[in-house]
Structure formats: structure tokens, C-alpha cells
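As provided, protein-v6.cif (mmCIF, C-alpha atoms and all ligand atoms) reads as follows.
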```cif
data_entry
loop_
_atom_site.label_atom_id
_atom_site.label_comp_id
_atom_site.auth_asym_id
_atom_site.auth_seq_id
_atom_site.Cartn_x
_atom_site.Cartn_y
_atom_site.Cartn_z
CA MET A 694 0.00 0.00 0.00
CA THR A 695 1.44 3.35 -1.00
CA SER A 696 1.33 7.10 -0.51
CA SER A 697 2.19 9.01 2.59
CA LEU A 698 3.68 12.25 3.74
CA LYS A 699 7.26 11.55 4.62
CA SER A 700 8.13 14.68 6.55
CA ALA A 701 9.07 14.17 10.16
CA PRO A 702 6.58 15.40 12.71
CA GLU A 703 7.15 18.98 13.64
CA PRO A 704 7.10 20.26 17.20
CA ARG A 705 3.73 21.80 17.89
CA ALA A 706 3.54 25.11 19.62
CA LEU A 707 -0.12 25.48 20.27
CA ALA A 708 -1.66 27.00 23.30
CA ARG A 709 -3.39 24.20 25.17
CA THR A 710 -6.44 26.38 25.38
CA SER A 711 -7.54 29.64 23.94
CA THR A 712 -10.08 31.80 25.67
CA TRP A 713 -13.25 33.58 24.78
CA PRO A 714 -12.58 36.95 23.20
CA ALA A 715 -12.21 39.33 26.14
CA SER A 716 -15.40 41.15 25.22
CA ARG A 717 -17.46 37.95 25.43
CA ALA A 718 -15.74 36.62 28.54
CA SER A 719 -16.62 39.76 30.41
CA GLU A 720 -20.21 39.87 29.17
CA SER A 721 -22.67 39.64 32.02
CA ALA A 722 -24.84 36.59 31.51
CA PRO A 723 -28.21 35.74 33.05
CA ASP A 724 -27.74 33.80 36.29
CA SER A 725 -28.98 30.53 34.81
CA HIS A 726 -26.25 30.68 32.19
CA SER A 727 -23.40 31.96 34.32
CA SER A 728 -21.94 28.53 35.08
CA LEU A 729 -21.96 27.73 31.38
CA VAL A 730 -20.12 30.93 30.55
CA THR A 731 -17.59 30.25 33.31
CA ARG A 732 -17.05 26.67 32.15
CA HIS A 733 -16.51 27.77 28.57
CA SER A 734 -14.12 30.52 29.52
CA SER A 735 -11.12 28.18 29.34
CA LEU A 736 -12.21 26.16 26.32
CA PRO A 737 -10.70 26.25 22.86
CA LEU A 738 -12.94 27.75 20.25
CA SER A 739 -11.54 26.21 17.14
CA ALA A 740 -10.13 22.98 15.78
CA GLY A 741 -7.51 22.45 13.13
CA ILE A 742 -5.67 19.65 11.36
CA TYR A 743 -2.44 18.52 13.03
CA GLY A 744 -1.48 15.86 10.47
CA ILE A 745 -2.73 14.03 7.40
CA GLY A 746 -1.97 10.71 5.73
CA SER A 747 -3.29 8.50 2.98
CA CYS A 748 -3.12 5.00 1.62
CA VAL A 749 -4.11 3.49 -1.70
CA PRO A 750 -3.82 -0.15 -2.75
CA ASP A 751 -0.76 -1.21 -4.76
CA ARG A 752 -2.74 -2.69 -7.64
CA VAL A 753 -3.19 -0.28 -10.57
CA LEU A 754 -6.10 -0.73 -12.98
CA THR A 755 -5.48 1.28 -16.16
CA ASN A 756 -7.92 2.31 -18.86
CA ALA A 757 -6.19 -0.21 -21.11
CA ASP A 758 -7.00 -2.93 -18.56
CA LEU A 759 -10.66 -1.84 -18.60
CA GLU A 760 -10.76 -2.13 -22.39
CA LYS A 761 -10.49 -5.89 -21.77
CA VAL A 762 -13.40 -5.86 -19.30
CA VAL A 763 -16.08 -3.73 -21.01
CA GLU A 764 -16.70 -2.09 -24.40
CA THR A 765 -14.76 1.12 -23.80
CA SER A 766 -11.57 2.93 -24.78
CA ASP A 767 -8.79 4.85 -23.08
CA GLU A 768 -9.73 7.82 -25.27
CA TRP A 769 -13.41 7.78 -24.18
CA ILE A 770 -12.58 7.47 -20.46
CA LEU A 771 -9.89 10.15 -20.58
CA THR A 772 -11.90 12.74 -22.51
CA ARG A 773 -15.19 12.16 -20.61
CA THR A 774 -13.72 11.81 -17.11
CA GLY A 775 -10.01 12.73 -17.03
CA ILE A 776 -9.22 9.36 -15.41
CA SER A 777 -6.19 7.35 -16.59
CA GLU A 778 -5.96 4.76 -13.86
CA ARG A 779 -7.31 3.84 -10.45
CA ARG A 780 -6.19 1.64 -7.52
CA ILE A 781 -8.08 -1.54 -6.66
CA VAL A 782 -7.73 -3.66 -3.51
CA ALA A 783 -6.28 -7.17 -3.66
CA ALA A 784 -8.46 -10.15 -2.78
CA GLY A 785 -9.01 -10.13 0.97
CA GLU A 786 -8.01 -6.48 1.37
CA ALA A 787 -10.77 -4.31 2.88
CA THR A 788 -11.66 -0.73 3.78
CA SER A 789 -10.31 -1.03 7.34
CA ASP A 790 -6.88 -2.06 6.02
CA LEU A 791 -6.56 1.11 3.96
CA ALA A 792 -8.08 3.19 6.76
CA THR A 793 -5.65 1.88 9.38
CA ALA A 794 -2.60 2.55 7.19
CA ALA A 795 -3.80 6.09 6.40
CA ALA A 796 -4.46 6.70 10.10
CA ARG A 797 -0.95 5.59 11.10
CA ARG A 798 0.55 8.02 8.59
CA ALA A 799 -1.66 10.89 9.78
CA LEU A 800 -0.67 10.21 13.41
CA GLU A 801 3.00 10.18 12.45
CA HIS A 802 2.59 13.43 10.55
CA ALA A 803 0.85 14.93 13.59
CA GLY A 804 3.54 13.69 15.97
CA LEU A 805 0.93 11.92 18.09
CA SER A 806 0.41 8.32 19.17
CA PRO A 807 -2.77 6.21 19.14
CA ALA A 808 -3.00 6.65 22.93
CA ASP A 809 -3.52 10.38 22.36
CA LEU A 810 -6.78 9.81 20.45
CA ASP A 811 -10.11 10.51 22.12
CA LEU A 812 -12.36 9.71 19.16
CA ILE A 813 -12.14 7.98 15.77
CA ILE A 814 -14.68 8.80 13.05
CA VAL A 815 -14.60 6.79 9.83
CA ALA A 816 -16.58 8.14 6.88
CA THR A 817 -17.39 5.23 4.61
CA ILE A 818 -20.18 3.68 2.54
CA THR A 819 -18.28 0.45 1.99
CA PRO A 820 -17.52 -0.92 5.46
CA ASP A 821 -15.80 -4.30 5.79
CA MET A 822 -19.18 -5.69 6.89
CA PRO A 823 -22.56 -4.21 7.97
CA PHE A 824 -21.33 -4.18 11.57
CA PRO A 825 -19.18 -3.67 13.57
CA GLY A 826 -17.99 -0.37 12.15
CA VAL A 827 -14.70 0.22 10.36
CA SER A 828 -13.96 2.73 13.14
CA ASN A 829 -14.07 -0.06 15.74
CA LEU A 830 -11.69 -2.21 13.69
CA VAL A 831 -9.30 0.70 13.17
CA GLN A 832 -9.38 1.57 16.87
CA ASP A 833 -8.39 -1.98 17.77
CA ARG A 834 -5.62 -2.22 15.19
CA LEU A 835 -4.14 1.13 16.16
CA GLY A 836 -4.33 0.21 19.84
CA ALA A 837 -6.17 3.48 20.50
CA SER A 838 -7.57 2.11 23.73
CA ARG A 839 -8.93 5.44 25.07
CA ALA A 840 -10.78 6.35 21.89
CA ALA A 841 -14.50 6.21 21.23
CA ALA A 842 -15.36 5.25 17.66
CA PHE A 843 -18.19 5.46 15.17
CA ASP A 844 -18.81 5.30 11.41
CA LEU A 845 -20.47 8.06 9.43
CA GLY A 846 -22.15 7.85 6.00
CA ALA A 847 -22.60 10.83 3.64
CA ALA A 848 -20.80 9.10 0.74
CA CYS A 849 -18.32 11.35 -1.06
CA ALA A 850 -19.12 14.25 1.29
CA GLY A 851 -18.36 12.00 4.28
CA PHE A 852 -14.84 13.20 5.09
CA ILE A 853 -15.95 16.83 5.37
CA TYR A 854 -19.02 15.80 7.41
CA GLY A 855 -16.47 14.02 9.62
CA LEU A 856 -14.36 17.17 9.98
CA ALA A 857 -17.46 19.16 10.93
CA THR A 858 -18.42 16.56 13.54
CA ALA A 859 -14.90 16.42 14.98
CA LYS A 860 -14.76 20.18 15.24
CA GLN A 861 -17.84 20.25 17.51
CA PHE A 862 -16.30 17.76 19.94
CA ILE A 863 -13.05 19.72 20.11
CA ALA A 864 -14.51 23.22 20.21
CA ASN A 865 -16.86 22.40 23.08
CA GLY A 866 -14.02 20.81 25.04
CA PHE A 867 -15.48 17.30 25.09
CA TYR A 868 -12.50 15.76 23.27
CA ARG A 869 -9.00 16.98 22.45
CA HIS A 870 -7.69 14.76 19.63
CA VAL A 871 -10.02 13.34 16.99
CA LEU A 872 -9.01 11.13 14.06
CA VAL A 873 -11.19 11.54 10.97
CA ILE A 874 -10.79 9.00 8.17
CA GLY A 875 -12.43 8.91 4.76
CA ALA A 876 -12.11 5.38 3.38
CA ASP A 877 -13.91 3.47 0.66
CA THR A 878 -13.52 0.34 -1.40
CA LEU A 879 -16.03 1.09 -4.13
CA SER A 880 -14.60 -1.70 -6.26
CA SER A 881 -16.55 -4.04 -3.96
CA VAL A 882 -19.89 -2.54 -5.11
CA VAL A 883 -19.08 -1.74 -8.76
CA ASN A 884 -20.98 -3.52 -11.51
CA TRP A 885 -18.04 -4.65 -13.64
CA THR A 886 -20.33 -5.15 -16.64
CA ASP A 887 -21.67 -1.55 -16.62
CA ARG A 888 -19.27 0.62 -18.63
CA GLY A 889 -21.13 3.76 -17.56
CA THR A 890 -19.96 3.35 -13.95
CA CYS A 891 -17.14 0.81 -13.64
CA VAL A 892 -14.58 3.11 -15.25
CA LEU A 893 -15.17 5.86 -12.69
CA PHE A 894 -14.27 4.42 -9.31
CA GLY A 895 -11.21 3.39 -7.29
CA ASP A 896 -10.26 2.44 -3.73
CA GLY A 897 -8.35 4.37 -1.07
CA ALA A 898 -8.26 6.08 2.31
CA GLY A 899 -7.20 9.43 3.72
CA ALA A 900 -7.02 10.56 7.33
CA ALA A 901 -6.61 13.70 9.40
CA VAL A 902 -5.80 14.15 13.09
CA LEU A 903 -7.55 17.16 14.56
CA GLY A 904 -6.99 19.09 17.74
CA PRO A 905 -7.53 22.52 19.26
CA VAL A 906 -5.98 25.57 17.58
CA PRO A 907 -6.18 29.24 18.46
CA ASP A 908 -9.42 31.01 17.66
CA GLY A 909 -9.57 32.38 14.12
CA SER A 910 -7.53 29.56 12.60
CA GLY A 911 -8.14 25.95 11.59
CA LEU A 912 -11.61 24.96 10.43
CA LEU A 913 -13.33 28.32 10.04
CA ALA A 914 -16.71 27.56 8.45
CA PHE A 915 -18.81 24.70 7.12
CA ASP A 916 -21.72 24.29 4.73
CA LEU A 917 -23.41 20.89 4.98
CA GLY A 918 -26.46 19.85 2.99
CA SER A 919 -28.74 17.08 1.79
CA ASP A 920 -31.39 16.57 -0.88
CA GLY A 921 -32.81 13.11 -0.27
CA SER A 922 -35.27 13.53 -3.16
CA GLY A 923 -32.27 12.62 -5.34
CA ALA A 924 -31.56 9.38 -3.45
CA GLU A 925 -32.32 7.18 -6.44
CA LEU A 926 -29.91 9.00 -8.75
CA LEU A 927 -26.99 7.20 -7.14
CA CYS A 928 -27.47 4.16 -4.97
CA VAL A 929 -26.86 0.51 -4.14
CA GLU A 930 -30.42 -0.81 -3.90
CA ALA A 931 -30.07 -4.07 -2.00
CA GLY A 932 -28.32 -5.40 1.08
CA GLY A 933 -30.12 -3.17 3.56
CA SER A 934 -33.39 -3.47 5.47
CA ARG A 935 -35.67 -2.76 2.48
CA LEU A 936 -34.15 -5.37 0.19
CA PRO A 937 -32.10 -7.79 2.29
CA ALA A 938 -29.59 -9.91 0.42
CA SER A 939 -31.14 -12.87 -1.36
CA ALA A 940 -30.31 -15.08 -4.32
CA GLU A 941 -32.68 -12.89 -6.34
CA THR A 942 -31.04 -9.55 -5.42
CA VAL A 943 -27.64 -11.00 -6.26
CA ALA A 944 -28.88 -12.37 -9.59
CA ASN A 945 -30.42 -8.97 -10.40
CA GLY A 946 -27.16 -7.13 -9.69
CA GLN A 947 -28.86 -5.01 -7.03
CA HIS A 948 -25.80 -4.98 -4.76
CA THR A 949 -23.88 -2.79 -7.17
CA ILE A 950 -23.83 0.94 -7.94
CA ARG A 951 -26.68 2.31 -10.05
CA MET A 952 -26.26 5.88 -11.25
CA ASN A 953 -27.90 8.48 -13.45
CA GLY A 954 -24.60 10.05 -14.52
CA ALA A 955 -26.00 13.06 -16.37
CA GLU A 956 -28.19 14.17 -13.45
CA VAL A 957 -25.41 13.64 -10.88
CA PHE A 958 -23.11 15.67 -13.15
CA LYS A 959 -25.48 18.67 -13.18
CA PHE A 960 -26.08 18.44 -9.44
CA ALA A 961 -22.34 18.26 -8.74
CA VAL A 962 -21.38 21.34 -10.74
CA ARG A 963 -24.21 23.40 -9.20
CA VAL A 964 -23.71 22.33 -5.60
CA MET A 965 -19.92 22.69 -5.65
CA GLU A 966 -20.25 26.33 -6.57
CA GLU A 967 -23.18 27.07 -4.23
CA SER A 968 -21.78 25.24 -1.21
CA THR A 969 -18.30 26.76 -1.56
CA LEU A 970 -19.78 30.25 -1.79
CA ARG A 971 -21.95 29.65 1.32
CA ALA A 972 -18.97 28.43 3.34
CA LEU A 973 -16.86 31.37 2.13
CA SER A 974 -19.59 33.79 3.14
CA LEU A 975 -19.81 32.23 6.64
CA ALA A 976 -16.02 32.64 6.94
CA GLY A 977 -16.29 36.27 5.81
CA MET A 978 -14.22 35.54 2.72
CA THR A 979 -14.48 35.49 -1.07
CA THR A 980 -13.02 33.21 -3.73
CA ALA A 981 -10.06 35.61 -3.97
CA ASP A 982 -9.01 34.40 -0.49
CA ILE A 983 -8.70 30.74 -1.56
CA ASP A 984 -5.07 29.65 -1.92
CA CYS A 985 -5.87 26.01 -2.69
CA PHE A 986 -9.21 24.53 -3.76
CA ILE A 987 -9.53 20.78 -3.17
CA ALA A 988 -12.77 19.22 -4.35
CA HIS A 989 -14.09 15.68 -4.46
CA GLN A 990 -12.29 14.04 -7.40
CA ALA A 991 -15.13 12.54 -9.45
CA ASN A 992 -14.64 13.79 -13.00
CA ILE A 993 -12.26 16.42 -14.43
CA ARG A 994 -15.12 17.99 -16.40
CA ILE A 995 -17.10 18.52 -13.17
CA LEU A 996 -14.01 19.98 -11.48
CA ASP A 997 -13.22 22.28 -14.41
CA ALA A 998 -16.81 23.50 -14.72
CA ALA A 999 -17.13 24.21 -10.98
CA SER A 1000 -13.73 25.95 -10.79
CA LYS A 1001 -14.66 28.10 -13.78
CA ARG A 1002 -17.98 29.09 -12.20
CA LEU A 1003 -16.09 30.07 -9.05
CA GLY A 1004 -13.57 32.04 -11.11
CA LEU A 1005 -10.62 30.08 -9.69
CA PRO A 1006 -7.40 30.02 -11.75
CA ALA A 1007 -5.93 26.58 -12.47
CA ASP A 1008 -2.90 27.14 -10.25
CA ARG A 1009 -5.18 27.38 -7.19
CA VAL A 1010 -7.10 24.18 -7.97
CA PHE A 1011 -5.61 20.77 -7.11
CA ASN A 1012 -6.68 17.69 -9.08
CA ASN A 1013 -5.44 14.12 -9.06
CA VAL A 1014 -8.49 12.34 -10.49
CA HIS A 1015 -6.34 11.00 -13.37
CA ARG A 1016 -4.39 8.82 -10.91
CA TYR A 1017 -7.14 7.45 -8.66
CA GLY A 1018 -10.59 7.99 -10.20
CA ASN A 1019 -13.41 8.58 -7.73
CA THR A 1020 -12.42 7.17 -4.32
CA SER A 1021 -15.57 8.46 -2.58
CA ALA A 1022 -14.97 9.59 1.02
CA ALA A 1023 -11.21 9.14 0.55
CA SER A 1024 -10.82 11.49 -2.39
CA VAL A 1025 -10.56 14.84 -0.56
CA PRO A 1026 -8.00 13.72 2.06
CA ILE A 1027 -5.92 11.81 -0.54
CA ALA A 1028 -5.86 14.98 -2.65
CA MET A 1029 -4.90 17.05 0.42
CA VAL A 1030 -1.93 14.79 1.11
CA GLU A 1031 -0.69 15.01 -2.48
CA ALA A 1032 -1.26 18.76 -2.70
CA LEU A 1033 0.84 19.23 0.45
CA GLU A 1034 3.55 16.92 -0.91
CA GLU A 1035 3.62 19.08 -4.05
CA ASP A 1036 3.86 22.31 -1.98
CA ARG A 1037 0.52 23.52 -3.28
CA PHE A 1038 -0.24 25.07 0.12
CA LYS A 1039 1.74 26.08 3.19
CA SER A 1040 1.21 27.22 6.75
CA GLY A 1041 -1.24 30.11 6.97
CA ASP A 1042 -2.86 29.42 3.58
CA THR A 1043 -6.62 29.28 3.15
CA LEU A 1044 -8.00 26.00 1.82
CA ALA A 1045 -11.49 25.35 0.46
CA LEU A 1046 -12.58 21.71 0.57
CA VAL A 1047 -15.83 20.54 -1.04
CA GLY A 1048 -17.45 17.14 -1.45
CA PHE A 1049 -20.68 15.88 -3.03
CA GLY A 1050 -22.26 12.56 -3.76
CA ALA A 1051 -24.90 9.98 -2.98
CA GLY A 1052 -27.73 11.10 -0.75
CA LEU A 1053 -27.70 13.42 -2.47
CA SER A 1054 -25.38 15.11 -0.02
CA TRP A 1055 -22.71 17.78 0.00
CA ALA A 1056 -20.30 19.51 2.34
CA SER A 1057 -17.68 22.20 2.18
CA THR A 1058 -15.32 23.88 4.58
CA ILE A 1059 -13.00 26.86 4.60
CA MET A 1060 -9.90 26.34 6.72
CA THR A 1061 -6.51 27.79 7.47
CA TRP A 1062 -3.65 25.33 7.28
CA THR A 1063 -2.03 25.62 10.69
CA ARG A 1064 0.86 23.16 10.49
N1 LIG A 1101 -16.94 3.81 -22.68
C1 LIG A 1101 -17.49 4.11 -23.89
N2 LIG A 1101 -18.71 4.60 -24.04
C2 LIG A 1101 -19.42 4.84 -22.91
C3 LIG A 1101 -18.92 4.57 -21.63
C4 LIG A 1101 -17.63 4.03 -21.54
N3 LIG A 1101 -17.02 3.73 -20.38
N4 LIG A 1101 -19.84 4.90 -20.72
C5 LIG A 1101 -20.88 5.37 -21.39
N5 LIG A 1101 -20.65 5.34 -22.72
C6 LIG A 1101 -21.50 5.74 -23.81
C7 LIG A 1101 -22.96 5.73 -23.43
O1 LIG A 1101 -23.50 4.44 -23.59
C8 LIG A 1101 -23.52 6.72 -24.43
O2 LIG A 1101 -23.69 6.05 -25.65
P1 LIG A 1101 -25.01 6.31 -26.53
O3 LIG A 1101 -24.97 7.76 -26.86
O4 LIG A 1101 -24.80 5.42 -27.70
O5 LIG A 1101 -26.14 5.93 -25.64
C9 LIG A 1101 -22.40 7.72 -24.59
O6 LIG A 1101 -21.21 7.09 -24.13
C10 LIG A 1101 -22.60 9.00 -23.83
O7 LIG A 1101 -22.99 8.65 -22.51
P2 LIG A 1101 -23.29 9.76 -21.46
O8 LIG A 1101 -23.81 9.09 -20.22
O9 LIG A 1101 -24.14 10.85 -22.08
O10 LIG A 1101 -21.83 10.34 -21.20
P3 LIG A 1101 -21.47 11.61 -20.35
O11 LIG A 1101 -20.71 12.55 -21.19
O12 LIG A 1101 -22.61 12.12 -19.55
O13 LIG A 1101 -20.44 10.98 -19.30
C11 LIG A 1101 -20.30 10.20 -17.05
C12 LIG A 1101 -20.86 9.96 -18.42
C13 LIG A 1101 -18.80 10.17 -17.16
C14 LIG A 1101 -20.76 9.08 -16.12
C15 LIG A 1101 -20.76 11.58 -16.54
O14 LIG A 1101 -22.15 11.68 -16.66
C16 LIG A 1101 -20.40 11.81 -15.10
O15 LIG A 1101 -19.24 11.90 -14.74
N6 LIG A 1101 -21.40 11.99 -14.20
C17 LIG A 1101 -21.15 12.24 -12.79
C18 LIG A 1101 -20.77 10.97 -12.13
C19 LIG A 1101 -20.29 11.16 -10.72
O16 LIG A 1101 -19.55 12.07 -10.44
N7 LIG A 1101 -20.70 10.23 -9.87
C20 LIG A 1101 -20.16 10.06 -8.59
C21 LIG A 1101 -20.68 10.97 -7.54
S1 LIG A 1101 -19.84 10.67 -6.05
C22 LIG A 1101 -20.47 9.35 -5.14
O17 LIG A 1101 -21.28 9.54 -4.30
C23 LIG A 1101 -19.96 7.94 -5.39
#
```

Could I get this structure in the form of C-alpha cells?
Amino acid sequence: MTSSLKSAPEPRALARTSTWPASRASESAPDSHSSLVTRHSSLPLSAGIYGIGSCVPDRVLTNADLEKVVETSDEWILTRTGISERRIVAAGEATSDLATAAARRALEHAGLSPADLDLIIVATITPDMPFPGVSNLVQDRLGASRAAAFDLGAACAGFIYGLATAKQFIANGFYRHVLVIGADTLSSVVNWTDRGTCVLFGDGAGAAVLGPVPDGSGLLAFDLGSDGSGAELLCVEAGGSRLPASAETVANGQHTIRMNGAEVFKFAVRVMEESTLRALSLAGMTTADIDCFIAHQANIRILDAASKRLGLPADRVFNNVHRYGNTSAASVPIAMVEALEEDRFKSGDTLALVGFGAGLSWASTIMTWTR
């Protein structure tokens, strides 16, 4: 399994806590709230990313390989999607394997150990099995004995939903160090006879370790959303409580991805622009403030159209869809790791992250890179 940030962990010089702005700390509060105000007075107000890491399987599946599987061509895939190759797990390799490796690399990058973790959130729609969660398996393999753990859905928006969730736990003082992983093995639910979908997806995992940072830095604003009326545009029909697995569902191919590509395409371009602008507005910023734009890597035409609508020049947009295809919840953190390796952002820069996918769901965040 490959891909990681190789830089040695840097010493962290963060205040253990930051305080309410003086004006708010001194505000007189109604009696019933005074204890709350006092309790919060020593709590951090923001959360940021201390370290990131990723992992993709070793096996490369090229467009030329796919020409032997379905009626397609390298030229069609490249011009319609921008994808040249993707990574696919080996037999017996599962989401938790990729997730654990990505987590180890993120911890190393953060200079923390598994014992430092208070919570592990794994965003995935392809867990190793219906239960227990991938997060539980990762917690055990890391030896993160103090950490609570749960899985989160939200498909390709899952990693950013995870960041938003982690931020709440840190900002309210409940937890200090939270590991957020986006990990998916979509190859396990791809219909390898459907050329309209099987060329799009790959496997991988990306992880981030979060902790408190001074107010005004780190994760500044989020926009999260859902439109469940589009649920049928992109789904795996069977294997849940409505259509439990049976010989019939297997024979009908109902355990694999079904997608209305054209509709998802239109939704994606629209929501990437709208969600990014909402998050920017909440952060009090404009697109001119974005130093590096990292979006869910689904299709280069979607990424180009959304970047154009946002008026972002190519040098401020990071793409690696040609190497990995659509890795679902893993795509944003994998892209973050590679963008950092390529010096596409540095300490103090403003990043915009945006994801979209099945649900339909979407999420974006504006953050300052604090490492
Ligand atoms: N190779 C060759 N021909 C193909 C292939 C292929 N792999 N796939 C489809 N075609 C054919 C179609 O059959 C069609 O032929 P026809 O005109 O004879 O019927 C033709 O190519 C055009 O098909 P379209 O579907 O119109 O192609 P389009 O330009 O829309 O591209 C695509 C299809 C790439 C799927 C695009 O719609 C897309 O990227 N949609 C968004 C998908 C997406 O991002 N999904 C993931 C969301 S994230 C998540 O939650 C997992």
C-alpha cells in the first residue's frame, strides 16, 4: 500500500487552550447561564488539522485494462472523465486495512500516538461488513484504547461531514484529539459489466488528526447539505433493510452501484459552486481568499466547470483524479496529502474543501492550514 507524507513530525507550539474573546468573557450573563459561561471561559474555540496521511492499494487498474473488461476505450474514459488509472484492492483487502494505514501516517505526521486519540470517526459507505464499524476495527488495530469510535455515511461528502463533527467535539471541550478518516472500497460494489460506472471508481483512504488551535484559525466555516429527493440518482439498492440480500437480489445485480450520470453531473457542478460560496460567506471571505481549492475528485469535467464558475485560476485548484478515479470519502483527504507533498499550500494558507455525492449530499469547509 502506498502514498504518505514523509516529513518528520514537527514540534507543535499550540496553546493548550484559547479563551473567549475578552469582550465575550466579560459579558454579564443571566444567572442561569453563568456557570456555562464560566465553564466555557477556558475552552478552545476552534479545531484544526495537526497531520494528514493517505493510503491506496498497490494494484493499478489502467484504462487499457478496462478495455479488456467492457466495451470502452482509453480515449473515451480520458476525454469524458479525465481518469487514466485507479487503484483496486487485492483479494481479501478491505476498507479497514486502507483506513488503518492512512491513520498511522496521519498520526506520524501529527507527531501523536494512538494513545492520544479521544475519538475515531470513519466516513465510509463500503464498510468491511454491515457491523461492527470500520472505526471499531481501526481503533483496535491502532491500539487506540482510550478512543470512542463510530462510522459516518454521507458518501463522497463523508470526510468533510467528519471534519465538521470532529470540530464540535473539540470546540466544546469534550475531546482533544479526533481522528477523521475517509475510506472506501467502491470496487466491492461496482458492476463490472456496466461501462457507464465501472470506469469511474477506485479504492483508497485518507485521514486527518484534529486538535484545538487558536481562535480564528483551523476549520473556520462549514456548509453541509442534503437533498434526499435525489436518493435514487446514485445508490446501491439491495443489502439493507428494504431489500435484504437474497439469491434474487444478487442475480439482479442489485448490490452494485446504479447511477444516473447526467443528473449527478449537473447536481455536482451546481452544488460545488453554491456550497463553496456559502462556506466562504460564513467565513467572511471570497473566492479571492482561496489559496488552494480541493474538491471531491469525481470527474475532471465537473471539477473544471465548478472551478470556472467560481472564477478560480488553475494554479489554485488541485486535481489528481487521473491517478485514482473517484475514491468516494477518501478522495478529498488523498488529494490534500498530495497537494501538500507538491507544496501547493503552506502554513497560513486558506484552503477550500468541497465534497458531493450519494444522498444526495454535499459539504464544504473553509480552513486555514495551521501546520
Ligand atoms: N466507454 C465508452 N462509451 C461509454 C462509456 C464508456 N465507459 N460509458 C458510457 N458510454 C456511452 C454511453 O453508452 C452513451 O452512448 P449512446 O450515446 O450510444 O447511448 C455515450 O457514451 C454518452 O454517454 P453519457 O452518459 O451521455 O456520457 P457523459 O458525457 O454524460 O459521461 C459520465 C458519463 C462520465 C458518467 C458523466 O455523466 C459523469 O461523470 N457523471 C457524474 C458521475 C459522478 O460524479 N458520480 C459520482 C458521484 S460521487 C459518489 O457519491 C460515489

### Message
Tell me which residues come within 10 Å of (-16.4, 2.7, -7.6), as a VMD selection string, counting only C-alpha atoms in the file's coordinates.
### Response
chain A and resid 779 781 877 to 885 890 to 896 949 to 950 1018 to 1021

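Closest approach to Ile993 in chain A among A:Ala816, A:Ala740, A:Ala940, A:Val1014 is made by A:Val1014 (distances from all atoms listed in the file).
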
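Distances here use all atoms listed in the file; by that measure, the residue among A:Cys928, A:Met978, A:Leu912, A:Val902 closest to ligand LIG 1101 (chain A) is A:Cys928.
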
#### Entry: Env. residues ligand LIG 1101 (chain A) / 6 Å / only C-alpha atoms and all ligand atoms / as JSON, numbers by chain
{"A": [765, 766, 769, 770, 773, 774, 848, 849, 888, 889, 892, 954, 955, 957, 958, 991, 992, 1021, 1050, 1051]}

### Task
For range 788-798 of chain A, list every protein, DNA or RNA residue within 9 Å, evaluated using all atoms listed in the file, and leave out those in the same chain fewer than 6 positions away; present the list as a ChimeraX atom specification.
/A:694,696-699,744-750,782,806-807,815,817,819-821,827-828,830-832,834-835,872-878,896-902

## Note on the structure
Among A:Val753, A:Ala803, A:Leu810, A:Ala972, Ala783 in chain A is approached most closely, using only C-alpha atoms, by A:Val753

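Distances from A:Tyr1017, A:Phe915, A:Tyr743, A:Phe1011 to Trp1055 in chain A were compared using all atoms listed in the file, and the smallest one belongs to A:Phe915.
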
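Proximity to Arg1002 in chain A was assessed for A:Asp887, A:Glu966, A:Asp758, A:Glu1031 counting only C-alpha atoms; the smallest distance is recorded for A:Glu966.
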
#### Entry: Sel. within 10 Å of pt (-21.7, 24.0, -8.1), counting all atoms listed in the file, output as a VMD selection string
chain A and resid 958 to 970 995 to 996 998 to 1003 1047 1049

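Shortest separation to Asp982 in chain A among A:Ala841, A:Ala859, A:Val1030, A:Met1060 occurs at residue A:Met1060, atoms counted being only C-alpha atoms.
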
### Query
So what do you get for CA of Thr886 in chain A versus CA of Leu759 in chain A, distance-wise?
10.4 Å

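A straight line drawn from CA of Thr979 in chain A to CA of Gly1052 in chain A is 27.8 Å long.
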
### Task
Write out as number ranges by chain the residues lying within 9 Å of Thr1061 in chain A, counting all atoms listed in the file and excluding same-chain residues fewer than 2 positions away.
A: 741, 909-913, 1040-1045, 1059, 1063

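The interatomic distance for the pair CA of Leu973 in chain A and CA of Phe862 in chain A works out to 22.4 Å.
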